[in-house]
$ cat coords_32.txt   # compact mmCIF, C-alpha atoms
# COMPACT_ATOMS: atom_id res chain seq x y z
CA MET A 955 -27.40 79.86 37.16
CA THR A 956 -25.98 79.01 33.74
CA THR A 957 -23.86 81.72 32.12
CA ASP A 958 -24.61 82.65 28.51
CA TRP A 959 -21.06 83.09 27.20
CA LYS A 960 -22.34 84.40 23.87
CA GLN A 961 -23.97 87.25 25.78
CA VAL A 962 -20.70 87.86 27.64
CA ARG A 963 -19.02 88.53 24.27
CA LYS A 964 -21.14 91.67 23.90
CA ASP A 965 -19.17 93.27 26.75
CA PHE A 966 -16.00 93.33 24.59
CA PRO A 967 -16.14 95.92 21.78
CA VAL A 968 -12.97 94.73 20.04
CA LEU A 969 -14.43 91.30 19.27
CA HIS A 970 -17.10 92.68 16.97
CA GLN A 971 -15.03 93.44 13.90
CA ILE A 972 -14.14 91.95 10.53
CA VAL A 973 -10.53 90.95 9.85
CA HIS A 974 -9.55 90.16 6.26
CA GLY A 975 -13.21 89.64 5.41
CA TYR A 976 -13.97 87.28 8.32
CA PRO A 977 -15.41 87.83 11.81
CA LEU A 978 -12.53 88.06 14.27
CA VAL A 979 -11.72 84.90 16.22
CA TYR A 980 -9.34 85.94 18.99
CA PHE A 981 -7.33 82.95 20.25
CA ASP A 982 -4.27 84.81 21.58
CA ASN A 983 -5.43 85.23 25.15
CA ALA A 984 -2.29 83.78 26.76
CA ALA A 985 -0.45 86.78 25.30
CA THR A 986 -3.07 89.36 26.29
CA THR A 987 -6.80 89.40 26.87
CA GLN A 988 -9.37 91.85 25.59
CA LYS A 989 -10.99 94.50 27.78
CA PRO A 990 -14.69 94.78 28.67
CA ARG A 991 -16.48 98.12 28.51
CA LYS A 992 -16.46 98.26 32.30
CA VAL A 993 -12.66 98.51 32.31
CA ILE A 994 -12.56 100.94 29.40
CA HIS A 995 -15.12 103.18 31.11
CA ALA A 996 -13.15 103.13 34.39
CA LEU A 997 -10.07 104.40 32.56
CA VAL A 998 -12.03 107.09 30.72
CA HIS A 999 -13.70 108.19 33.96
CA PHE A 1000 -10.34 108.58 35.69
CA TYR A 1001 -8.75 110.61 32.90
CA GLU A 1002 -11.81 112.77 32.33
CA ARG A 1003 -12.53 113.50 35.99
CA ASP A 1004 -9.82 112.55 38.51
CA ASN A 1005 -6.45 112.67 36.74
CA ALA A 1006 -3.78 113.84 39.21
CA ASN A 1007 -0.70 112.49 40.94
CA VAL A 1008 -1.24 110.34 44.02
CA HIS A 1009 -0.14 110.66 47.67
CA ARG A 1010 1.75 113.93 47.33
CA GLY A 1011 -1.06 116.41 46.70
CA ILE A 1012 -3.69 117.76 49.05
CA HIS A 1013 -6.08 119.16 46.44
CA GLU A 1014 -9.35 117.43 45.55
CA LEU A 1015 -8.23 115.67 42.35
CA SER A 1016 -5.14 114.26 44.03
CA ASN A 1017 -7.28 113.06 46.94
CA ARG A 1018 -9.66 111.31 44.53
CA ALA A 1019 -6.81 109.71 42.59
CA THR A 1020 -5.11 108.53 45.79
CA THR A 1021 -8.34 107.08 47.13
CA ALA A 1022 -8.98 105.15 43.90
CA TYR A 1023 -5.36 103.99 43.67
CA GLU A 1024 -5.28 102.63 47.22
CA ALA A 1025 -8.79 101.18 46.90
CA ALA A 1026 -7.41 99.06 44.06
CA ARG A 1027 -4.72 97.71 46.39
CA VAL A 1028 -7.38 96.71 48.92
CA ARG A 1029 -9.47 95.10 46.15
CA ILE A 1030 -6.51 93.05 44.90
CA ALA A 1031 -5.75 91.85 48.42
CA ARG A 1032 -9.34 90.63 48.68
CA PHE A 1033 -9.13 89.02 45.22
CA LEU A 1034 -6.07 87.00 46.31
CA ASN A 1035 -7.23 86.49 49.91
CA ALA A 1036 -4.07 88.21 51.15
CA ARG A 1037 -3.93 89.00 54.83
CA SER A 1038 -3.42 92.72 54.24
CA SER A 1039 -3.29 95.26 51.43
CA ASN A 1040 0.25 95.97 52.64
CA GLU A 1041 1.20 92.66 51.01
CA ILE A 1042 0.31 94.04 47.55
CA VAL A 1043 3.00 95.80 45.50
CA PHE A 1044 2.12 97.41 42.18
CA THR A 1045 4.49 96.55 39.33
CA ARG A 1046 4.47 96.80 35.54
CA GLY A 1047 3.64 93.09 35.24
CA THR A 1048 4.70 89.57 36.14
CA THR A 1049 8.17 90.13 34.73
CA GLU A 1050 8.90 93.14 36.93
CA GLY A 1051 7.46 91.35 39.96
CA ILE A 1052 9.87 88.44 39.52
CA ASN A 1053 12.77 90.81 38.84
CA LEU A 1054 11.92 92.75 42.00
CA VAL A 1055 12.18 89.59 44.09
CA ALA A 1056 15.38 88.48 42.32
CA SER A 1057 17.03 91.88 42.74
CA ALA A 1058 15.80 93.03 46.13
CA TRP A 1059 15.32 89.76 48.02
CA GLY A 1060 17.79 87.69 45.99
CA TYR A 1061 20.85 89.89 46.32
CA ALA A 1062 20.24 90.19 50.06
CA SER A 1063 19.57 86.49 50.63
CA ILE A 1064 21.32 84.29 48.05
CA LYS A 1065 25.02 83.46 48.33
CA ARG A 1066 27.59 81.26 46.61
CA GLY A 1067 26.72 77.58 46.79
CA ASP A 1068 22.99 78.16 47.27
CA GLU A 1069 20.58 76.61 44.79
CA ILE A 1070 17.54 78.08 43.03
CA LEU A 1071 15.01 75.49 41.88
CA LEU A 1072 12.88 76.15 38.79
CA THR A 1073 10.89 73.91 36.48
CA GLU A 1074 11.68 73.15 32.86
CA MET A 1075 8.40 74.71 31.73
CA GLU A 1076 9.14 78.23 32.98
CA HIS A 1077 8.60 81.37 30.91
CA HIS A 1078 11.81 83.29 30.18
CA SER A 1079 10.74 85.89 32.76
CA ASN A 1080 11.04 83.19 35.43
CA ILE A 1081 14.42 81.98 34.19
CA VAL A 1082 16.51 84.97 33.10
CA PRO A 1083 16.23 87.00 36.36
CA TRP A 1084 17.48 83.97 38.31
CA GLN A 1085 20.30 83.40 35.81
CA LEU A 1086 21.39 87.00 36.38
CA LEU A 1087 21.20 86.48 40.15
CA ALA A 1088 23.17 83.23 39.94
CA GLU A 1089 25.87 84.85 37.82
CA ARG A 1090 26.34 87.64 40.35
CA THR A 1091 26.18 85.55 43.51
CA GLY A 1092 27.68 82.21 42.52
CA ALA A 1093 24.42 80.36 43.17
CA LYS A 1094 23.35 77.41 41.03
CA LEU A 1095 20.15 76.88 39.06
CA VAL A 1096 18.54 73.43 39.10
CA TYR A 1097 15.45 72.34 37.20
CA LEU A 1098 12.57 69.99 37.94
CA PRO A 1099 12.10 68.04 34.66
CA VAL A 1100 9.07 67.87 32.40
CA THR A 1101 7.88 64.48 31.14
CA GLY A 1102 7.88 64.78 27.32
CA ASP A 1103 4.94 65.85 25.15
CA GLU A 1104 2.42 65.27 27.96
CA GLY A 1105 4.03 68.22 29.71
CA LEU A 1106 3.70 67.22 33.36
CA LEU A 1107 6.28 67.81 36.06
CA ASP A 1108 8.32 64.73 36.95
CA LEU A 1109 7.40 64.81 40.62
CA ASP A 1110 9.36 61.61 41.28
CA LYS A 1111 12.48 63.78 40.97
CA LEU A 1112 11.29 66.42 43.44
CA ASP A 1113 12.76 65.00 46.66
CA ALA A 1114 16.20 64.56 45.09
CA LEU A 1115 16.24 68.17 43.83
CA LEU A 1116 14.49 69.97 46.69
CA THR A 1117 17.26 69.79 49.28
CA PRO A 1118 18.26 72.20 52.07
CA ARG A 1119 20.65 73.79 49.53
CA VAL A 1120 17.60 75.21 47.73
CA LYS A 1121 16.90 78.70 49.03
CA LEU A 1122 14.21 79.57 46.49
CA PHE A 1123 11.72 77.47 44.51
CA SER A 1124 10.09 79.57 41.76
CA MET A 1125 7.36 77.85 39.74
CA VAL A 1126 4.73 78.57 37.12
CA HIS A 1127 1.13 77.88 38.12
CA ILE A 1128 -0.17 77.31 34.56
CA SER A 1129 2.21 76.80 31.64
CA ASN A 1130 1.67 79.29 28.82
CA SER A 1131 3.00 76.73 26.30
CA LEU A 1132 1.54 73.44 27.52
CA GLY A 1133 -1.57 74.38 29.48
CA THR A 1134 -0.29 72.26 32.38
CA VAL A 1135 -1.79 73.14 35.77
CA ASN A 1136 0.87 72.59 38.41
CA PRO A 1137 0.09 71.55 42.03
CA VAL A 1138 1.56 74.75 43.46
CA ALA A 1139 0.15 74.33 46.98
CA MET A 1140 1.83 70.94 47.29
CA LEU A 1141 5.08 72.26 45.81
CA CYS A 1142 5.12 75.19 48.24
CA ALA A 1143 4.46 72.86 51.17
CA GLN A 1144 7.38 70.66 50.14
CA ALA A 1145 9.64 73.69 49.75
CA ARG A 1146 8.73 74.90 53.23
CA LYS A 1147 9.97 71.62 54.71
CA VAL A 1148 13.52 72.43 53.58
CA GLY A 1149 13.27 76.13 54.44
CA ALA A 1150 13.03 77.38 50.84
CA VAL A 1151 11.23 80.60 49.92
CA THR A 1152 8.59 80.16 47.19
CA LEU A 1153 7.43 82.29 44.28
CA VAL A 1154 4.46 81.46 42.05
CA ASP A 1155 4.13 82.84 38.52
CA ALA A 1156 0.35 83.29 38.26
CA ALA A 1157 0.32 85.16 34.94
CA GLN A 1158 -1.83 82.49 33.29
CA SER A 1159 -3.96 81.60 36.31
CA ALA A 1160 -4.98 84.75 38.17
CA GLY A 1161 -7.69 85.69 35.68
CA HIS A 1162 -8.89 82.16 34.96
CA THR A 1163 -9.33 80.38 38.28
CA PRO A 1164 -9.59 81.30 41.97
CA VAL A 1165 -6.12 82.08 43.34
CA ASP A 1166 -5.86 82.12 47.13
CA VAL A 1167 -2.39 82.97 48.43
CA GLN A 1168 -3.21 81.69 51.91
CA GLN A 1169 -4.39 78.36 50.55
CA ILE A 1170 -1.35 78.08 48.25
CA ASP A 1171 0.78 79.34 51.16
CA CYS A 1172 3.42 80.85 48.90
CA ASP A 1173 5.85 83.57 49.92
CA PHE A 1174 5.55 85.55 46.68
CA LEU A 1175 3.12 85.50 43.77
CA ALA A 1176 3.16 87.66 40.64
CA PHE A 1177 0.67 88.33 37.85
CA SER A 1178 -0.15 90.82 35.07
CA GLY A 1179 -3.33 92.84 34.67
CA HIS A 1180 -3.45 92.63 30.88
CA LYS A 1181 -3.89 88.84 30.95
CA MET A 1182 -7.10 89.15 33.00
CA CYS A 1183 -9.18 91.84 31.28
CA GLY A 1184 -7.16 94.69 32.81
CA PRO A 1185 -4.94 97.34 31.22
CA THR A 1186 -1.41 96.75 29.98
CA GLY A 1187 1.51 98.01 32.05
CA ILE A 1188 0.09 97.10 35.45
CA GLY A 1189 0.95 94.04 37.50
CA VAL A 1190 0.93 92.82 41.06
CA LEU A 1191 3.49 91.25 43.33
CA TYR A 1192 2.05 89.64 46.44
CA GLY A 1193 4.60 89.15 49.19
CA ARG A 1194 4.25 87.73 52.67
CA LYS A 1195 4.43 90.81 54.91
CA GLU A 1196 7.32 89.67 57.07
CA LEU A 1197 9.37 89.00 53.94
CA LEU A 1198 8.50 92.30 52.27
CA ASP A 1199 9.43 94.13 55.45
CA SER A 1200 12.86 92.46 55.43
CA ILE A 1201 13.74 93.37 51.83
CA PRO A 1202 15.73 96.47 50.86
CA PRO A 1203 14.31 98.85 48.24
CA TYR A 1204 14.23 97.76 44.61
CA GLN A 1205 14.59 101.26 43.13
CA GLY A 1206 15.26 104.65 44.65
CA GLY A 1207 13.48 107.95 44.06
CA GLY A 1208 10.46 109.89 45.12
CA GLU A 1209 7.54 108.46 47.10
CA MET A 1210 9.42 105.46 48.58
CA ILE A 1211 11.27 107.58 51.13
CA VAL A 1212 10.55 108.90 54.62
CA SER A 1213 13.48 111.32 54.74
CA VAL A 1214 16.40 112.16 52.43
CA HIS A 1215 19.70 113.72 53.55
CA PHE A 1216 22.86 114.36 51.58
CA ASP A 1217 24.54 111.30 53.07
CA HIS A 1218 21.67 108.87 53.71
CA SER A 1219 17.94 108.20 53.33
CA THR A 1220 15.26 106.35 55.24
CA TYR A 1221 12.50 104.41 53.54
CA LYS A 1222 8.80 103.75 53.90
CA PRO A 1223 7.59 100.33 54.94
CA ALA A 1224 6.27 97.89 52.36
CA PRO A 1225 4.57 98.13 49.96
CA HIS A 1226 5.39 101.77 49.23
CA ARG A 1227 9.16 101.34 49.55
CA PHE A 1228 8.96 99.29 46.31
CA GLU A 1229 6.99 101.88 44.33
CA ALA A 1230 9.49 104.61 43.55
CA GLY A 1231 8.39 107.58 41.44
CA THR A 1232 5.04 108.42 39.91
CA PRO A 1233 3.22 105.11 39.49
CA ASP A 1234 0.84 103.91 36.82
CA ILE A 1235 -2.27 105.35 38.46
CA SER A 1236 -4.86 104.44 35.85
CA GLY A 1237 -3.58 100.85 35.68
CA PRO A 1238 -4.67 99.81 39.20
CA ILE A 1239 -7.98 101.63 38.69
CA GLY A 1240 -8.62 99.70 35.48
CA LEU A 1241 -7.48 96.49 37.15
CA HIS A 1242 -9.92 97.11 40.01
CA ALA A 1243 -12.74 97.26 37.44
CA ALA A 1244 -11.46 94.07 35.80
CA LEU A 1245 -11.47 92.18 39.10
CA ASP A 1246 -15.03 93.32 39.77
CA TYR A 1247 -16.01 92.10 36.31
CA LEU A 1248 -14.38 88.69 36.78
CA ASP A 1249 -15.96 88.17 40.18
CA GLU A 1250 -19.38 89.15 38.84
CA LEU A 1251 -19.05 86.33 36.30
CA GLY A 1252 -17.51 84.03 38.91
CA ARG A 1253 -13.98 82.68 38.69
CA GLU A 1254 -15.13 79.10 39.21
CA LYS A 1255 -17.49 79.47 36.25
CA ILE A 1256 -14.74 81.00 34.13
CA TRP A 1257 -12.48 78.05 34.98
CA GLN A 1258 -15.18 75.55 34.13
CA HIS A 1259 -15.80 77.32 30.82
CA ASP A 1260 -12.06 77.31 30.03
CA GLN A 1261 -11.77 73.60 30.71
CA ALA A 1262 -14.88 72.67 28.73
CA LEU A 1263 -13.77 74.74 25.75
CA VAL A 1264 -10.19 73.45 25.74
CA ALA A 1265 -11.43 69.85 26.02
CA TYR A 1266 -13.64 70.47 22.98
CA ALA A 1267 -10.73 72.10 21.13
CA TYR A 1268 -8.35 69.26 21.97
CA GLN A 1269 -10.87 66.69 20.71
CA ARG A 1270 -11.55 68.63 17.49
CA LEU A 1271 -7.86 69.25 16.80
CA SER A 1272 -7.16 65.55 17.39
CA GLU A 1273 -9.38 64.80 14.41
CA LEU A 1274 -6.85 66.43 12.09
CA LYS A 1275 -4.42 64.12 10.36
CA ASN A 1276 -0.72 64.87 10.71
CA ILE A 1277 -0.87 67.03 13.84
CA ARG A 1278 1.20 66.93 17.03
CA LEU A 1279 -0.44 68.23 20.19
CA LEU A 1280 1.64 69.22 23.21
CA GLY A 1281 0.56 69.20 26.84
CA PRO A 1282 -1.74 67.10 29.02
CA THR A 1283 -4.52 65.10 27.39
CA SER A 1284 -6.95 66.16 30.15
CA GLY A 1285 -7.22 68.54 33.09
CA ARG A 1286 -5.44 71.28 31.20
CA ALA A 1287 -5.99 75.03 31.20
CA GLY A 1288 -7.30 76.89 28.13
CA VAL A 1289 -4.16 76.58 26.00
CA VAL A 1290 -3.38 74.20 23.13
CA SER A 1291 0.01 74.26 21.42
CA PHE A 1292 0.38 72.20 18.28
CA LEU A 1293 2.52 71.49 15.24
CA LEU A 1294 1.43 70.75 11.69
CA PRO A 1295 4.49 68.83 10.44
CA GLY A 1296 5.84 70.26 7.24
CA ILE A 1297 4.43 73.73 7.94
CA HIS A 1298 6.29 76.28 10.05
CA ALA A 1299 4.30 77.69 12.96
CA HIS A 1300 4.62 81.21 11.57
CA ASP A 1301 3.12 80.08 8.27
CA VAL A 1302 0.21 78.47 10.14
CA VAL A 1303 -0.43 81.68 12.06
CA THR A 1304 -0.13 83.86 8.95
CA PHE A 1305 -2.56 81.66 7.00
CA ALA A 1306 -5.01 81.64 9.92
CA ASP A 1307 -4.83 85.43 10.19
CA GLN A 1308 -6.03 85.71 6.60
CA LYS A 1309 -9.15 83.82 7.74
CA GLY A 1310 -9.73 86.13 10.71
CA VAL A 1311 -8.20 83.83 13.35
CA ALA A 1312 -5.64 85.33 15.75
CA LEU A 1313 -3.19 82.65 16.94
CA ARG A 1314 0.34 82.89 18.31
CA GLY A 1315 3.32 81.23 16.67
CA GLY A 1316 6.86 80.85 17.98
CA HIS A 1317 8.63 79.65 21.11
CA HIS A 1318 6.25 81.54 23.46
CA CYS A 1319 9.18 82.65 25.63
CA THR A 1320 9.82 79.02 26.59
CA GLN A 1321 12.85 78.22 24.41
CA PRO A 1322 14.46 75.75 26.86
CA LEU A 1323 11.22 73.77 27.12
CA LEU A 1324 10.65 73.57 23.36
CA ARG A 1325 14.30 72.70 22.80
CA LYS A 1326 13.92 69.76 25.20
CA LEU A 1327 10.83 68.63 23.27
CA GLY A 1328 12.77 68.85 20.00
CA VAL A 1329 10.61 71.66 18.71
CA GLU A 1330 11.64 75.00 17.25
CA ALA A 1331 8.23 76.66 17.37
CA THR A 1332 4.57 75.80 17.84
CA SER A 1333 1.25 77.36 16.95
CA ARG A 1334 -0.83 78.18 20.00
CA ALA A 1335 -4.54 78.71 20.49
CA SER A 1336 -5.44 80.12 23.90
CA PHE A 1337 -8.98 80.67 25.11
CA TYR A 1338 -10.86 82.92 27.50
CA LEU A 1339 -14.30 83.63 28.82
CA TYR A 1340 -15.59 85.21 25.59
CA ASN A 1341 -14.61 82.32 23.30
CA VAL A 1342 -17.19 79.76 22.13
CA GLU A 1343 -17.25 76.36 20.41
CA ALA A 1344 -18.25 77.79 17.03
CA GLU A 1345 -14.91 79.64 16.96
CA VAL A 1346 -13.07 76.37 17.59
CA ASP A 1347 -14.94 74.80 14.68
CA HIS A 1348 -13.82 77.67 12.44
CA LEU A 1349 -10.21 77.17 13.58
CA VAL A 1350 -10.34 73.48 12.68
CA ASP A 1351 -11.75 74.31 9.24
CA VAL A 1352 -8.95 76.83 8.73
CA LEU A 1353 -6.29 74.27 9.72
CA HIS A 1354 -7.76 71.75 7.27
CA GLU A 1355 -7.47 74.43 4.60
CA THR A 1356 -3.93 75.24 5.72
CA GLN A 1357 -2.88 71.62 5.27
CA ARG A 1358 -4.47 71.47 1.82
CA PHE A 1359 -2.72 74.70 0.80
CA PHE A 1360 0.70 73.43 1.90
CA GLY A 1361 0.09 69.89 0.64
CA THR A 1362 0.64 68.13 3.98
CA ARG A 1363 -2.67 66.31 4.45
$ encode --input "coords_32.txt" --output "structure tokens"
Amino acid sequence: MTTDWKQVRKDFPVLHQIVHGYPLVYFDNAATTQKPRKVIHALVHFYERDNANVHRGIHELSNRATTAYEAARVRIARFLNARSSNEIVFTRGTTEGINLVASAWGYASIKRGDEILLTEMEHHSNIVPWQLLAERTGAKLVYLPVTGDEGLLDLDKLDALLTPRVKLFSMVHISNSLGTVNPVAMLCAQARKVGAVTLVDAAQSAGHTPVDVQQIDCDFLAFSGHKMCGPTGIGVLYGRKELLDSIPPYQGGGEMIVSVHFDHSTYKPAPHRFEAGTPDISGPIGLHAALDYLDELGREKIWQHDQALVAYAYQRLSELKNIRLLGPTSGRAGVVSFLLPGIHAHDVVTFADQKGVALRGGHHCTQPLLRKLGVEATSRASFYLYNVEAEVDHLVDVLHETQRFFGTR
């Protein structure tokens, strides 16, 4: 059955507004996505009816909250095809998930002389935690290169870099700057041959395409709820159970303990040993509703829509004179980063905002990548399931007008 994406837009109240005299065109989905009524209603229902702390109470509201909270964990495990809900740790987002692995697993496992392999297209949240770990342990960071503006990984260099010295290979699934879709299953398989642990940053993929942790066969995978129709402040770290069980706690406090004495404590098994203190309870509940919503639409259909829309956008943007497009020419995810030479990215975004178009301008938390490409900042349009071709046409018209205004046509 064909999906009517214009009808899907009606599920998102925020889209139906006027900004600076124009209907809103929201093309900042790589930063955060909008929320359907189903998610909003789930949050309202929790706060109006079931709001209480989880696990510790025995009264009715606490029982309801605990049931909903743990049901979300089970739902996420099914969404990722994890073997067990005990492989699902709630975090604040992708960033905290990566930091948890770097701090808890990394400090216990990485030593001087070890290597940590990353790619040159990583988000800062998949670089800085490993820099901190390397500084404290004496490990070394190495990077798999990117091949210029086309933005693909230079896989010819993989064998030379992925040696037995590499103890961790952490990689982005979809680049938030380039739209590149990396072959993470193949990369994880190669890492396993040299005994390296793997982590996949799925922030830009989990809400756009089917993500199966057993098929990818990664050791860890992290994503954020707010980039897939869910609330802000909630994220997920998937970890292979035997690895999670071997890792010491990330933070100490209430809930993650079995018993506390003045001189020592004992801890719960994973995942609860990594969830110290009162958690974000409404976040998993809202995320549960978001996953239901995405699966009702169908993740394969969402992916096909993303790819069709970004192909149309790439073709329309290519019609502009004096534009530089970054990333793959085909097979990309729903992200297009571009430069209009002679106009700073922030000026492009500011001008577009006055026409009702929400873009993102800057380095997109990928400063090392842009520096390699000789770029200070780009403008970025990123698409999701509620975007349509007519909005792309409006963007192109706005960019024509931008070039006329700044005299760069």
$ closest_residue --input "coords_32.txt" --among "A:Val1165, A:Val1151, A:Ala1114, A:Met1125" --to "Asn1035 in chain A" --atoms "all atoms listed in the file"
A:Val1165
$ closest_residue --input "coords_32.txt" --among "A:His1318, A:Met1075, A:Phe1174, A:Ile1188" --to "Asp1103 in chain A" --atoms "all atoms listed in the file"
A:Met1075
$ axis_aligned_box --input "coords_32.txt" --around "range 1234-1239 of chain A" --padding-each-side "4 Å" --output "JSON"
{"center_x": -3.6, "center_y": 102.6, "center_z": 37.4, "size_x": 16.8, "size_y": 13.5, "size_z": 11.5}
$ closest_residue --input "coords_32.txt" --among "A:Ser1291, A:Leu1087, A:Glu1254, A:Val1043" --to "Pro1223 in chain A" --atoms "all atoms listed in the file"
A:Val1043
$ atom_distance --input "coords_32.txt" --atom1 "CA of Tyr1061 in chain A" --atom2 "CA of Pro1137 in chain A"
28.0 Å
$ closest_residue --input "coords_32.txt" --among "A:Ile972, A:Val1148, A:Leu1072, A:Val962" --to "Pro1118 in chain A" --atoms "only C-alpha atoms"
A:Val1148
$ decode --input "coords_32.txt" --residues "range 1043-1058 of chain A" --atoms "N, CA, C and O atoms" --output "tab-separated table (two decimals), in the first residue's frame"
chain	number	residue	atom	x	y	z
A	1043	VAL	N	19.94	-0.34	27.88
A	1043	VAL	CA	20.21	0.60	28.96
A	1043	VAL	C	19.63	1.96	28.56
A	1043	VAL	O	19.90	2.45	27.46
A	1044	PHE	N	18.86	2.55	29.46
A	1044	PHE	CA	18.35	3.90	29.20
A	1044	PHE	C	19.42	4.94	29.53
A	1044	PHE	O	20.07	4.87	30.58
A	1045	THR	N	19.58	5.89	28.62
A	1045	THR	CA	20.54	6.98	28.80
A	1045	THR	C	19.84	8.29	28.48
A	1045	THR	O	18.65	8.31	28.13
A	1046	ARG	N	20.59	9.39	28.52
A	1046	ARG	CA	20.02	10.69	28.11
A	1046	ARG	C	20.08	10.87	26.61
A	1046	ARG	O	19.42	11.77	26.07
A	1047	GLY	N	20.86	10.06	25.90
A	1047	GLY	CA	20.97	10.21	24.45
A	1047	GLY	C	22.21	9.47	23.96
A	1047	GLY	O	22.91	8.80	24.72
A	1048	THR	N	22.48	9.62	22.67
A	1048	THR	CA	23.64	8.96	22.06
A	1048	THR	C	24.92	9.35	22.77
A	1048	THR	O	25.79	8.51	23.03
A	1049	THR	N	25.05	10.63	23.08
A	1049	THR	CA	26.28	11.12	23.71
A	1049	THR	C	26.55	10.40	25.02
A	1049	THR	O	27.68	9.95	25.28
A	1050	GLU	N	25.53	10.29	25.88
A	1050	GLU	CA	25.76	9.62	27.16
A	1050	GLU	C	26.02	8.13	26.95
A	1050	GLU	O	26.83	7.54	27.68
A	1051	GLY	N	25.37	7.53	25.97
A	1051	GLY	CA	25.64	6.12	25.70
A	1051	GLY	C	27.09	5.86	25.36
A	1051	GLY	O	27.71	4.91	25.86
A	1052	ILE	N	27.65	6.71	24.49
A	1052	ILE	CA	29.06	6.55	24.11
A	1052	ILE	C	29.96	6.83	25.29
A	1052	ILE	O	30.94	6.11	25.54
A	1053	ASN	N	29.64	7.86	26.08
A	1053	ASN	CA	30.44	8.17	27.26
A	1053	ASN	C	30.38	7.04	28.29
A	1053	ASN	O	31.38	6.77	28.97
A	1054	LEU	N	29.23	6.39	28.39
A	1054	LEU	CA	29.11	5.27	29.33
A	1054	LEU	C	30.08	4.16	28.93
A	1054	LEU	O	30.81	3.62	29.78
A	1055	VAL	N	30.11	3.84	27.64
A	1055	VAL	CA	31.03	2.78	27.18
A	1055	VAL	C	32.48	3.21	27.38
A	1055	VAL	O	33.31	2.43	27.85
A	1056	ALA	N	32.79	4.46	27.02
A	1056	ALA	CA	34.17	4.95	27.18
A	1056	ALA	C	34.61	4.92	28.63
A	1056	ALA	O	35.74	4.53	28.95
A	1057	SER	N	33.72	5.33	29.53
A	1057	SER	CA	34.09	5.43	30.95
A	1057	SER	C	34.07	4.07	31.64
A	1057	SER	O	35.03	3.69	32.32
A	1058	ALA	N	32.97	3.34	31.48
A	1058	ALA	CA	32.83	2.09	32.22
A	1058	ALA	C	33.61	0.94	31.57
A	1058	ALA	O	34.44	0.30	32.22
